[in-house]
Amino acid sequence: MKILVVDDHPVSLILLNHQLIAMGFSVLQANSVEQAMVLVHQESIDVVIMDCQVLGMDGTKFVHLIRNQGNLTGLVKRIMIGVVASDCSEIKLNKLVSCLDDVISKPIDIKKLRAMLSTHLERMKFTSTERVIKNHAVLKILKETTNKDLDVAFECLNSVKLSLLASSVHRIKGAYLMINDVEVVELCRKIENELNGNNNTQHLTLLLSALKNKVNSSVE
């Protein structure tokens with residue numbers, strides 16, 4: 001996950017940068033709205049953590065700038081986390097909450113921030129999978145690649161090259177795990193179990209045929 005931290009206070013930038021890197025994240029820094037917009041345009045950023053009063057700009061305006069940039073480039077919605085002063089008024093806080101994905105107050109509780117990022121990371125994984133499932137161009141490529149792997153698998157079965165057959169099936173299973181196609185994955189596991197057991201050629205042929213049929217029906 002790549003995180004952009006936007007804050008015009010140098011010390012805050014340095015501290016948060018080190019803490020996020022320690023958590024295992026890739027971090028970019030911006031000390032101005034202009035610099036942040038350049039990075040958003042150039043980099044594939046997943047999360048923006050922003051001081052809601054960066055250079056005096058109202059937090060909601062900055063959020064809209066970032067959101068609009070994402071819309072123009074066709075990118076997935078970025079997670080926006082606002083950092084607010086502990087004495088932030090209720091009216092202002094409610095206004096920020098309505099346009100941000102999350103809000104955390106100063107001084108930043110690192111444990112709370114870690115939990116917040118973890119929650120959003122899981123949500124982003126799910127969203128990413130949903131986007132792939134709905135992307136017909138990606139699914140078309142997946143179908144074509146899988147059919148090539150299946151052709152290789154049938155050839156390996158006919159020539160009794162079972163280790164290569166297992167590799168082809170494992171590759172197919174990995175691809176379909178990424179899009180949560182449970183039925184295709186289960187067929188792959190049945191083939192792997194057969195390869196680890198009886199190696200019944202007739203049964204393997206039936207399973208491969210079922211897999212091929214399922215692949216071509218599930219990616220229409």
# chains A, B, ... in the order shown; residues from 1 in each chain; ligands from 1

call {"tool": "closest_atom_pairs", "arguments": {"of": "range 100-214 of chain A", "to": "range 19-39 of chain A", "cutoff": "10 Å", "atoms": "only C-alpha atoms", "output": "tab-separated table"}}
result
residue	atom	partner	partner_atom	distance
A:Ile110	CA	A:Gln19	CA	7.7
A:Leu113	CA	A:Leu20	CA	9.4
A:Arg114	CA	A:Met23	CA	7.7

call {"tool": "residues_around", "arguments": {"residues": "Tyr176 in chain A", "least_positions_apart": "4", "cutoff": "12 Å", "atoms": "only C-alpha atoms", "output": "list of chain:residue names"}}
result
A:Thr129, A:Val132, A:Ile133, A:Leu139, A:Leu142, A:Lys143, A:Thr145, A:Thr146, A:Val169, A:His170, A:Arg171, A:Ile172, A:Asn180, A:Asp181, A:Val182, A:Glu183, A:Val184, A:Val185, A:Glu186, A:Leu187, A:Cys188, A:Arg189, A:Leu211, A:Lys214, A:Val215, A:Ser218, A:Val219

call {"tool": "atom_distance", "arguments": {"atom1": "CA of Glu192 in chain A", "atom2": "CA of Leu164 in chain A"}}
result
11.8 Å

call {"tool": "select_by_dssp", "arguments": {"residues": "range 64-118 of chain A", "states": "alpha helix (DSSP H)", "output": "PyMOL selection string"}}
result
chain A and resi 64-73+90-97+110-118

call {"tool": "atom_distance", "arguments": {"atom1": "CA of Ser168 in chain A", "atom2": "CA of Val152 in chain A"}}
result
7.2 Å

call {"tool": "closest_residue", "arguments": {"among": "A:Val83, A:Lys111, A:Asn199, A:Ser12", "to": "Leu157 in chain A", "atoms": "only C-alpha atoms"}}
result
A:Asn199

call {"tool": "residues_around", "arguments": {"residues": "range 94-101 of chain A", "least_positions_apart": "5", "cutoff": "7 Å", "atoms": "only C-alpha atoms", "output": "count of residues only"}}
result
6

call {"tool": "select_by_dssp", "arguments": {"residues": "chain A", "states": "strand (DSSP E or B)", "output": "NGL selection string"}}
result
:A and (2-6 or 26-30 or 47-51 or 79-84 or 102-105)

call {"tool": "atom_distance", "arguments": {"atom1": "CA of Ser89 in chain A", "atom2": "CA of Ala115 in chain A"}}
result
24.7 Å

call {"tool": "closest_residue", "arguments": {"among": "A:Cys88, A:Ala175, A:Lys148, A:Asn198", "to": "Leu162 in chain A", "atoms": "only C-alpha atoms"}}
result
A:Asn198

call {"tool": "residues_around", "arguments": {"residues": "Asn158 in chain A", "least_positions_apart": "4", "cutoff": "9 Å", "atoms": "only C-alpha atoms", "output": "list in words"}}
result
Ala153, Phe154 and Thr201 of chain A

call {"tool": "write_last_selection", "arguments": {"atoms": "all heavy atoms", "output": "PDB file, in the first residue's frame"}}
result
ATOM      1  N   ALA A 153      -2.205 -28.591 -20.139  1.00  0.00           N
ATOM      2  CA  ALA A 153      -2.539 -29.621 -19.147  1.00  0.00           C
ATOM      3  C   ALA A 153      -3.002 -30.910 -19.818  1.00  0.00           C
ATOM      4  O   ALA A 153      -2.591 -32.015 -19.428  1.00  0.00           O
ATOM      5  CB  ALA A 153      -3.621 -29.093 -18.207  1.00  0.00           C
ATOM      6  N   PHE A 154      -3.846 -30.786 -20.846  1.00  0.00           N
ATOM      7  CA  PHE A 154      -4.310 -31.982 -21.576  1.00  0.00           C
ATOM      8  C   PHE A 154      -3.143 -32.692 -22.269  1.00  0.00           C
ATOM      9  O   PHE A 154      -3.049 -33.923 -22.268  1.00  0.00           O
ATOM     10  CB  PHE A 154      -5.381 -31.593 -22.594  1.00  0.00           C
ATOM     11  CG  PHE A 154      -6.773 -31.500 -22.013  1.00  0.00           C
ATOM     12  CD1 PHE A 154      -7.393 -30.273 -21.865  1.00  0.00           C
ATOM     13  CD2 PHE A 154      -7.451 -32.653 -21.623  1.00  0.00           C
ATOM     14  CE1 PHE A 154      -8.678 -30.190 -21.333  1.00  0.00           C
ATOM     15  CE2 PHE A 154      -8.735 -32.583 -21.097  1.00  0.00           C
ATOM     16  CZ  PHE A 154      -9.354 -31.340 -20.948  1.00  0.00           C
ATOM     17  N   THR A 201      -6.180 -41.653 -14.931  1.00  0.00           N
ATOM     18  CA  THR A 201      -6.201 -40.859 -16.169  1.00  0.00           C
ATOM     19  C   THR A 201      -7.617 -40.501 -16.592  1.00  0.00           C
ATOM     20  O   THR A 201      -7.889 -39.363 -17.009  1.00  0.00           O
ATOM     21  CB  THR A 201      -5.505 -41.628 -17.312  1.00  0.00           C
ATOM     22  OG1 THR A 201      -4.161 -41.932 -16.920  1.00  0.00           O
ATOM     23  CG2 THR A 201      -5.482 -40.794 -18.583  1.00  0.00           C
TER      24      THR A 201
END
